[in-house]
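Here is model_4.tsv, consisting of TSV, C-alpha atoms:
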chain	number	residue	atom	x	y	z
A	1129	MET	CA	-6.23	9.21	-14.28
A	1130	GLU	CA	-5.94	12.93	-13.61
A	1131	ARG	CA	-3.09	15.41	-13.39
A	1132	ASN	CA	-1.30	14.80	-16.66
A	1133	SER	CA	-2.18	11.08	-16.38
A	1134	PHE	CA	-0.41	10.62	-13.03
A	1135	GLU	CA	-2.10	9.23	-9.95
A	1136	LEU	CA	-1.11	9.30	-6.29
A	1137	GLU	CA	-2.24	6.68	-3.78
A	1138	ILE	CA	-1.80	7.43	-0.09
A	1139	CYS	CA	-1.09	4.58	2.31
A	1140	ALA	CA	-3.23	5.40	5.35
A	1141	SER	CA	-2.99	3.49	8.61
A	1142	ASN	CA	-5.12	5.84	10.69
A	1143	ILE	CA	-8.05	8.20	10.23
A	1144	GLN	CA	-5.75	11.23	10.44
A	1145	SER	CA	-4.04	10.02	7.26
A	1146	VAL	CA	-7.38	9.44	5.53
A	1147	ILE	CA	-8.37	13.04	6.24
A	1148	ALA	CA	-4.98	14.31	5.04
A	1149	ALA	CA	-5.31	12.31	1.82
A	1150	ARG	CA	-8.71	13.85	1.16
A	1151	GLN	CA	-7.62	17.39	1.95
A	1152	GLY	CA	-4.30	17.06	0.16
A	1153	GLY	CA	-5.88	15.92	-3.10
A	1154	ALA	CA	-4.77	12.27	-3.37
A	1155	ASP	CA	-6.41	10.10	-6.01
A	1156	ARG	CA	-6.85	6.96	-3.93
A	1157	ILE	CA	-6.28	5.55	-0.45
A	1158	GLU	CA	-4.79	2.21	0.49
A	1159	LEU	CA	-6.23	1.56	3.93
A	1160	CYS	CA	-4.24	-0.58	6.33
A	1161	HIS	CA	-3.24	-0.99	9.96
A	1162	ASN	CA	-0.03	-1.74	11.85
A	1163	MET	CA	2.54	-0.08	9.63
A	1164	ILE	CA	5.32	-1.19	11.98
A	1165	GLU	CA	4.91	-4.69	10.53
A	1166	GLY	CA	4.47	-3.48	6.99
A	1167	GLY	CA	0.70	-3.20	7.19
A	1168	THR	CA	-2.14	-5.55	8.09
A	1169	THR	CA	-5.90	-5.57	7.46
A	1170	PRO	CA	-7.75	-2.64	9.07
A	1171	SER	CA	-10.86	-3.05	11.21
A	1172	ALA	CA	-14.41	-2.95	9.88
A	1173	GLY	CA	-14.96	0.33	11.70
A	1174	MET	CA	-11.87	1.82	10.10
A	1175	ILE	CA	-13.11	0.85	6.63
A	1176	ALA	CA	-16.59	2.23	7.22
A	1177	VAL	CA	-15.41	5.57	8.63
A	1178	ALA	CA	-12.73	5.95	5.93
A	1179	LYS	CA	-15.41	5.54	3.28
A	1180	GLU	CA	-17.60	8.11	4.99
A	1181	LEU	CA	-14.76	10.62	5.20
A	1182	SER	CA	-13.16	10.09	1.81
A	1183	ALA	CA	-14.35	11.25	-1.59
A	1184	VAL	CA	-11.87	8.99	-3.41
A	1185	ASP	CA	-11.60	5.22	-3.80
A	1186	VAL	CA	-10.52	3.26	-0.74
A	1187	PHE	CA	-8.60	0.03	-1.37
A	1188	VAL	CA	-8.29	-2.26	1.65
A	1189	LEU	CA	-5.11	-4.19	2.42
A	1190	ILE	CA	-5.81	-7.87	3.01
A	1191	ARG	CA	-2.97	-9.23	5.12
A	1192	PRO	CA	-3.75	-11.23	8.28
A	1193	ARG	CA	-0.40	-10.75	10.04
A	1194	GLY	CA	3.15	-9.49	9.74
A	1195	GLY	CA	6.00	-11.77	8.72
A	1196	ASN	CA	6.23	-13.64	5.45
A	1197	PHE	CA	3.59	-14.01	2.75
A	1198	VAL	CA	3.16	-17.78	2.88
A	1199	TYR	CA	-0.31	-18.53	4.21
A	1200	ASP	CA	-1.96	-21.77	5.33
A	1201	GLU	CA	-5.59	-22.75	4.76
A	1202	ILE	CA	-6.85	-21.09	7.93
A	1203	GLU	CA	-5.14	-17.81	7.05
A	1204	GLU	CA	-6.56	-18.04	3.53
A	1205	GLU	CA	-10.06	-18.41	4.95
A	1206	LEU	CA	-9.40	-15.42	7.18
A	1207	MET	CA	-8.36	-13.31	4.17
A	1208	ILE	CA	-11.42	-14.40	2.17
A	1209	ARG	CA	-13.69	-13.37	5.04
A	1210	ASP	CA	-11.83	-10.06	5.38
A	1211	ILE	CA	-12.37	-9.40	1.68
A	1212	LYS	CA	-16.10	-10.06	2.01
A	1213	GLN	CA	-16.28	-7.79	5.05
A	1214	ALA	CA	-14.34	-5.03	3.27
A	1215	ILE	CA	-16.80	-5.20	0.38
A	1216	ALA	CA	-19.74	-5.08	2.79
A	1217	PHE	CA	-18.37	-1.87	4.32
A	1218	GLY	CA	-17.86	-0.20	0.96
A	1219	ALA	CA	-14.30	-0.97	-0.17
A	1220	ASP	CA	-13.66	0.08	-3.77
A	1221	GLY	CA	-10.85	-2.45	-4.23
A	1222	VAL	CA	-8.56	-4.80	-2.34
A	1223	VAL	CA	-4.82	-5.27	-2.05
A	1224	ILE	CA	-3.63	-8.88	-1.89
A	1225	GLY	CA	-0.56	-11.08	-2.28
A	1226	ALA	CA	0.48	-14.63	-1.42
A	1227	LEU	CA	3.64	-16.61	-2.11
A	1228	LYS	CA	4.90	-20.16	-1.91
A	1229	SER	CA	7.88	-20.99	0.28
A	1230	ASP	CA	10.13	-21.20	-2.80
A	1231	GLY	CA	9.52	-17.54	-3.69
A	1232	LEU	CA	7.00	-18.16	-6.45
A	1233	ILE	CA	3.54	-16.58	-6.57
A	1234	ASN	CA	0.89	-18.78	-4.97
A	1235	TYR	CA	-1.26	-18.55	-8.07
A	1236	ASP	CA	-4.17	-20.70	-6.93
A	1237	GLN	CA	-4.45	-18.98	-3.57
A	1238	CYS	CA	-4.30	-15.53	-5.12
A	1239	CYS	CA	-6.99	-16.49	-7.63
A	1240	ARG	CA	-9.29	-17.55	-4.81
A	1241	LEU	CA	-8.74	-14.20	-3.12
A	1242	ILE	CA	-9.44	-12.38	-6.36
A	1243	GLU	CA	-12.60	-14.43	-6.85
A	1244	ALA	CA	-13.75	-13.36	-3.38
A	1245	ALA	CA	-13.35	-9.72	-4.47
A	1246	LYS	CA	-16.23	-10.24	-6.93
A	1247	GLY	CA	-14.87	-8.10	-9.75
A	1248	LEU	CA	-13.50	-5.22	-7.69
A	1249	PRO	CA	-10.11	-3.83	-8.81
A	1250	VAL	CA	-7.18	-5.69	-7.25
A	1251	THR	CA	-3.66	-4.54	-6.43
A	1252	PHE	CA	-0.89	-7.09	-5.85
A	1253	HIS	CA	1.17	-5.77	-2.94
A	1254	ARG	CA	4.88	-5.84	-2.09
A	1255	ALA	CA	4.92	-9.58	-1.51
A	1256	PHE	CA	6.19	-9.24	-5.07
A	1257	ASP	CA	9.45	-7.88	-3.69
A	1258	HIS	CA	10.13	-11.27	-2.07
A	1259	CYS	CA	9.71	-13.21	-5.33
A	1260	GLN	CA	12.78	-15.03	-6.62
A	1261	ASN	CA	12.20	-14.06	-10.28
A	1262	PRO	CA	10.37	-10.76	-10.76
A	1263	PHE	CA	9.61	-11.28	-14.44
A	1264	ILE	CA	8.11	-14.73	-13.98
A	1265	ALA	CA	6.15	-13.28	-11.06
A	1266	LEU	CA	4.96	-10.38	-13.23
A	1267	GLU	CA	3.60	-12.72	-15.89
A	1268	SER	CA	1.84	-14.76	-13.21
A	1269	ILE	CA	0.24	-11.61	-11.80
A	1270	LEU	CA	-0.76	-10.42	-15.26
A	1271	SER	CA	-2.50	-13.72	-15.97
A	1272	MET	CA	-4.69	-13.21	-12.88
A	1273	GLY	CA	-6.16	-9.98	-14.24
A	1274	VAL	CA	-4.73	-7.80	-11.49
A	1275	ASN	CA	-5.00	-4.03	-12.07
A	1276	ARG	CA	-1.90	-2.77	-10.23
A	1277	LEU	CA	1.40	-4.05	-8.94
A	1278	LEU	CA	2.91	-2.30	-5.93
A	1279	THR	CA	6.68	-2.72	-5.79
A	1280	SER	CA	9.87	-1.12	-4.54
A	1281	GLY	CA	11.84	-2.85	-7.29
A	1282	GLN	CA	12.91	-5.55	-4.80
A	1283	LYS	CA	14.85	-3.00	-2.75
A	1284	ASN	CA	14.01	-1.47	0.62
A	1285	LYS	CA	13.20	1.81	-1.10
A	1286	ALA	CA	11.77	2.41	-4.55
A	1287	ILE	CA	14.43	5.00	-5.36
A	1288	ASP	CA	17.02	2.20	-5.12
A	1289	GLY	CA	14.92	-0.12	-7.29
A	1290	VAL	CA	14.26	2.23	-10.20
A	1291	ASP	CA	16.15	0.08	-12.72
A	1292	LEU	CA	13.98	-2.97	-12.08
A	1293	ILE	CA	10.83	-0.86	-11.88
A	1294	ALA	CA	11.62	0.61	-15.29
A	1295	GLN	CA	12.10	-2.90	-16.71
A	1296	LEU	CA	8.84	-4.06	-15.18
A	1297	GLN	CA	7.04	-1.07	-16.65
A	1298	LYS	CA	8.45	-1.87	-20.08
A	1299	SER	CA	7.42	-5.52	-19.78
A	1300	ALA	CA	3.94	-4.76	-18.48
A	1301	GLY	CA	3.17	-2.01	-20.95
A	1302	ASP	CA	-0.47	-1.02	-20.61
A	1303	ARG	CA	-1.56	-4.40	-19.24
A	1304	LEU	CA	-1.46	-3.14	-15.65
A	1305	HIS	CA	-0.16	-0.20	-13.65
A	1306	ILE	CA	3.28	-0.60	-12.09
A	1307	MET	CA	3.12	1.45	-8.88
A	1308	PRO	CA	6.36	2.24	-7.01
A	1309	GLY	CA	6.06	2.26	-3.23
A	1310	GLY	CA	8.51	2.25	-0.37
A	1311	GLY	CA	10.13	5.51	0.69
A	1312	VAL	CA	8.49	7.52	-2.09
A	1313	ASP	CA	8.42	11.15	-1.00
A	1314	GLU	CA	8.45	14.77	-2.10
A	1315	ILE	CA	12.24	14.65	-2.52
A	1316	ASN	CA	12.59	11.64	-4.82
A	1317	ILE	CA	9.24	11.56	-6.65
A	1318	GLU	CA	10.53	13.33	-9.76
A	1319	GLU	CA	13.58	11.10	-10.09
A	1320	ILE	CA	11.48	7.95	-9.70
A	1321	ALA	CA	8.97	9.17	-12.29
A	1322	LEU	CA	11.58	10.15	-14.86
A	1323	LYS	CA	13.75	7.05	-14.46
A	1324	THR	CA	10.91	4.51	-14.52
A	1325	GLY	CA	8.27	5.98	-16.80
A	1326	VAL	CA	5.50	4.92	-14.41
A	1327	LYS	CA	2.30	6.90	-13.96
A	1328	SER	CA	1.11	5.62	-10.56
A	1329	PHE	CA	2.72	6.23	-7.17
A	1330	HIS	CA	2.16	4.92	-3.64
A	1331	ALA	CA	3.36	6.82	-0.57
A	1332	SER	CA	2.48	7.50	3.03
A	1333	LEU	CA	4.10	10.99	3.03
A	1334	SER	CA	3.86	10.94	6.80
A	1335	GLU	CA	5.03	13.23	9.54
A	1336	ILE	CA	5.43	12.59	13.26
A	1337	TYR	CA	2.95	14.49	15.38
A	1338	VAL	CA	3.45	15.01	19.12
A	1339	GLN	CA	0.23	14.62	21.05
A	1340	GLU	CA	-0.89	16.84	23.90
A	1341	PRO	CA	0.41	15.62	27.28
A	1342	VAL	CA	-1.97	13.42	29.27
A	1343	PHE	CA	-1.59	11.51	32.50
A	1344	GLY	CA	0.28	8.21	32.18
A	1345	TRP	CA	2.97	6.17	33.87
A	1346	ASN	CA	6.18	6.83	31.94
A	1347	GLU	CA	7.53	3.36	32.65
A	1348	VAL	CA	4.45	1.65	31.12
A	1349	CYS	CA	4.83	1.38	27.34
A	1350	PHE	CA	2.39	-0.08	24.82
A	1351	ASN	CA	4.24	0.82	21.63
A	1352	GLY	CA	6.54	-1.97	20.46
A	1353	SER	CA	8.82	0.45	18.59
A	1354	LYS	CA	11.35	2.62	20.42
A	1355	ASP	CA	11.36	4.89	17.34
A	1356	LEU	CA	7.85	6.12	18.11
A	1357	PRO	CA	7.27	7.22	21.73
A	1358	GLU	CA	3.85	6.85	23.34
A	1359	ASN	CA	2.99	10.52	22.88
A	1360	GLN	CA	3.64	10.55	19.12
A	1361	ILE	CA	1.78	9.30	16.05
A	1362	LYS	CA	2.75	9.12	12.39
A	1363	ALA	CA	0.18	10.36	9.91
A	1364	SER	CA	0.17	11.58	6.32
A	1365	ASP	CA	0.96	15.25	5.95
A	1366	ILE	CA	-1.29	17.46	3.82
A	1367	ASN	CA	1.53	19.74	2.72
A	1368	LYS	CA	3.72	16.84	1.61
A	1369	ILE	CA	0.84	15.40	-0.41
A	1370	LYS	CA	0.22	18.73	-2.12
A	1371	LYS	CA	3.93	19.18	-2.82
A	1372	VAL	CA	4.16	15.77	-4.49
A	1373	ILE	CA	1.09	16.52	-6.60
A	1374	ARG	CA	2.54	19.84	-7.73
A	1375	LYS	CA	5.73	18.09	-8.79
A	1376	LEU	CA	3.81	15.43	-10.72
A	1377	GLU	CA	1.78	18.09	-12.46
A	1378	LYS	CA	4.95	19.70	-13.84
A	1379	LEU	CA	6.36	16.51	-15.38
Exercise: express the given structure as structure tokens:
Amino acid sequence: MERNSFELEICASNIQSVIAARQGGADRIELCHNMIEGGTTPSAGMIAVAKELSAVDVFVLIRPRGGNFVYDEIEEELMIRDIKQAIAFGADGVVIGALKSDGLINYDQCCRLIEAAKGLPVTFHRAFDHCQNPFIALESILSMGVNRLLTSGQKNKAIDGVDLIAQLQKSAGDRLHIMPGGGVDEINIEEIALKTGVKSFHASLSEIYVQEPVFGWNEVCFNGSKDLPENQIKASDINKIKKVIRKLEKL
């Protein structure tokens, strides 16, 4: 890791965010799509172009749909094929997670996904935040040989889950990186770092950008969210990324 042993991963759901992550000085990119549903697997083209544009590692989210994290055999096969495709297009790592309906880690399914990654680094994503017992889940994840655990401390935002994140960090030690994610920004990054003792952080650090007006029927909408009008996009902001890095450097 760089910067006084801290690292910053940017969650990028579009090419604009990939470019911002590169220019802002992020250490790694988690590439995904469809942030409205919490993120799904990006396209092959997205992976290929992100790798061409980025000088840092690109980890690809493997999630076939929104909703819960309980997957059937067909969805498992889909994820395995997505992992193979991500590798073919240059992914440096993958981000996975699967649960059973009782809130336990689906150990066997996760192991098959990890096997498909063929030795690439693996992050276990925020499916962890739906586990019924976080410490049993942590030990299960550790036994798989996963490199990072992304978590908000089983709260909507990581700042509200700092107590659990700190406990997870203590339990994990140096066996894997606990990486807070979920509402991490330039305002709360210092508090999260100091209260948890973690060294890795995950954030989108996005801003809403209004696009130039183009012709279109105002009554025809394609965006499923009323919070983001058709003429706006959310993308990571270079200045926010740089501000977070400066704050991490001072800790």
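If all atoms listed in the file are the atoms counted, then among A:Phe1134, A:Asp1236, A:Leu1227, A:Arg1193 the closest residue to A:Lys1378 is A:Phe1134.
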*asked:* With all atoms listed in the file as the counted atoms, please give the residues lying no more than 12 Å from stretch 1310-1319 of chain A, apart from itself and same-chain residues fewer than 5 positions off, as an NGL selection string.
replied: :A and (1134 or 1136-1139 or 1163 or 1166 or 1253-1254 or 1257 or 1278-1291 or 1294 or 1324-1335 or 1364-1379)
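Taking atom CA of A:Glu1135 and atom CA of A:Met1174 as endpoints, the distance between them is 23.5 Å.
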Can you write out as a tab-separated table which residues of stretch 1198-1266 of chain A fall within 10 Å of stretch 1295-1308 of chain A, alongside each residue's closest atom pair and its distance in Å to one decimal, counting all atoms listed in the file and ordering rows by chain and ascending residue number?
residue	atom	partner	partner_atom	distance
A:Thr1251	CA	A:His1305	CA	9.1
A:Phe1252	CA	A:Met1307	CA	9.9
A:His1253	CA	A:Met1307	CA	9.6
A:Arg1254	CA	A:Pro1308	CA	9.6
A:Pro1262	CA	A:Leu1296	CA	8.2
A:Phe1263	CA	A:Leu1296	CA	7.3
A:Leu1266	CA	A:Leu1296	CA	7.7
*Hey, what's within 9 Å of A:His1161 if we count only C-alpha atoms and toss same-chain stuff fewer than 2 positions away? As a ChimeraX atom specification, please?*
/A:1140-1142,1159,1163-1171,1189
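Atom CA of A:Tyr1235 sits 8.0 Å away from atom CA of A:Ile1269.
Across the structure, atom CA of A:Val1223 and atom CA of A:Glu1158 are spaced 7.9 Å apart.
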*Of the candidates A:Leu1232, A:Ile1361, A:Leu1241, A:Ala1176, which one gets nearest to A:Glu1205 if we count only C-alpha atoms?*
A:Leu1241
*Using all atoms listed in the file: which of A:Lys1323, A:Ala1245, A:Gly1225, A:Ile1264 has the shortest distance to A:Leu1277*: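 When distances to A:Leu1277 are compared using all atoms listed in the file, the smallest one comes from A:Gly1225.
Closest approach to A:Val1186 among A:Tyr1337, A:Phe1350, A:Phe1256, A:Phe1217 is made by A:Phe1217 (distances from all atoms listed in the file).
Candidate residues A:Tyr1199, A:Lys1228, A:Gln1237, A:Ala1172 were compared for distance to A:Ile1215, and the nearest is A:Ala1172, using only C-alpha atoms.
Among the candidates A:Cys1160, A:Ala1255, A:Met1207, A:Ile1233, the one nearest to A:Phe1187 when counting only C-alpha atoms is A:Cys1160.
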Around all listed atoms of stretch 1213-1218 of chain A, padded 5 Å per side, what centre and edge lengths does the axis-aligned box have in Å to one decimal, as AutoDock Vina command-line options?
--center_x -17.0 --center_y -4.0 --center_z 2.7 --size_x 15.4 --size_y 17.6 --size_z 14.7
Missing atoms of stretch 1255-1268 of chain A rebuilt to N, CA, C and O atoms, written as a tab-separated table (two decimals), keeping the file's coordinate frame:
chain	number	residue	atom	x	y	z
A	1255	ALA	N	4.48	-8.18	-1.54
A	1255	ALA	CA	4.92	-9.58	-1.51
A	1255	ALA	C	5.75	-9.86	-2.76
A	1255	ALA	O	6.68	-10.68	-2.75
A	1256	PHE	N	5.44	-9.13	-3.82
A	1256	PHE	CA	6.19	-9.24	-5.07
A	1256	PHE	C	7.69	-9.04	-4.85
A	1256	PHE	O	8.52	-9.67	-5.52
A	1257	ASP	N	8.05	-8.20	-3.91
A	1257	ASP	CA	9.45	-7.88	-3.69
A	1257	ASP	C	10.21	-9.01	-3.00
A	1257	ASP	O	11.43	-8.92	-2.82
A	1258	HIS	N	9.50	-10.07	-2.62
A	1258	HIS	CA	10.13	-11.27	-2.07
A	1258	HIS	C	10.14	-12.43	-3.06
A	1258	HIS	O	10.52	-13.54	-2.71
A	1259	CYS	N	9.73	-12.16	-4.30
A	1259	CYS	CA	9.71	-13.21	-5.33
A	1259	CYS	C	11.12	-13.45	-5.86
A	1259	CYS	O	11.89	-12.51	-6.05
A	1260	GLN	N	11.43	-14.70	-6.16
A	1260	GLN	CA	12.78	-15.03	-6.62
A	1260	GLN	C	13.04	-14.56	-8.04
A	1260	GLN	O	14.17	-14.25	-8.38
A	1261	ASN	N	12.02	-14.51	-8.89
A	1261	ASN	CA	12.20	-14.06	-10.28
A	1261	ASN	C	11.10	-13.05	-10.59
A	1261	ASN	O	9.95	-13.43	-10.81
A	1262	PRO	N	11.42	-11.77	-10.61
A	1262	PRO	CA	10.37	-10.76	-10.76
A	1262	PRO	C	9.62	-10.82	-12.09
A	1262	PRO	O	8.44	-10.46	-12.14
A	1263	PHE	N	10.28	-11.28	-13.14
A	1263	PHE	CA	9.61	-11.28	-14.44
A	1263	PHE	C	8.67	-12.47	-14.60
A	1263	PHE	O	7.60	-12.36	-15.20
A	1264	ILE	N	9.04	-13.60	-14.03
A	1264	ILE	CA	8.11	-14.73	-13.98
A	1264	ILE	C	6.92	-14.36	-13.09
A	1264	ILE	O	5.75	-14.64	-13.42
A	1265	ALA	N	7.21	-13.71	-11.97
A	1265	ALA	CA	6.15	-13.28	-11.06
A	1265	ALA	C	5.22	-12.28	-11.74
A	1265	ALA	O	3.99	-12.35	-11.59
A	1266	LEU	N	5.78	-11.37	-12.53
A	1266	LEU	CA	4.96	-10.38	-13.23
A	1266	LEU	C	3.99	-11.06	-14.18
A	1266	LEU	O	2.80	-10.71	-14.22
A	1267	GLU	N	4.47	-12.03	-14.94
A	1267	GLU	CA	3.60	-12.72	-15.89
A	1267	GLU	C	2.50	-13.48	-15.16
A	1267	GLU	O	1.35	-13.55	-15.63
A	1268	SER	N	2.84	-14.06	-14.02
A	1268	SER	CA	1.84	-14.76	-13.21
A	1268	SER	C	0.76	-13.79	-12.74
A	1268	SER	O	-0.44	-14.08	-12.81
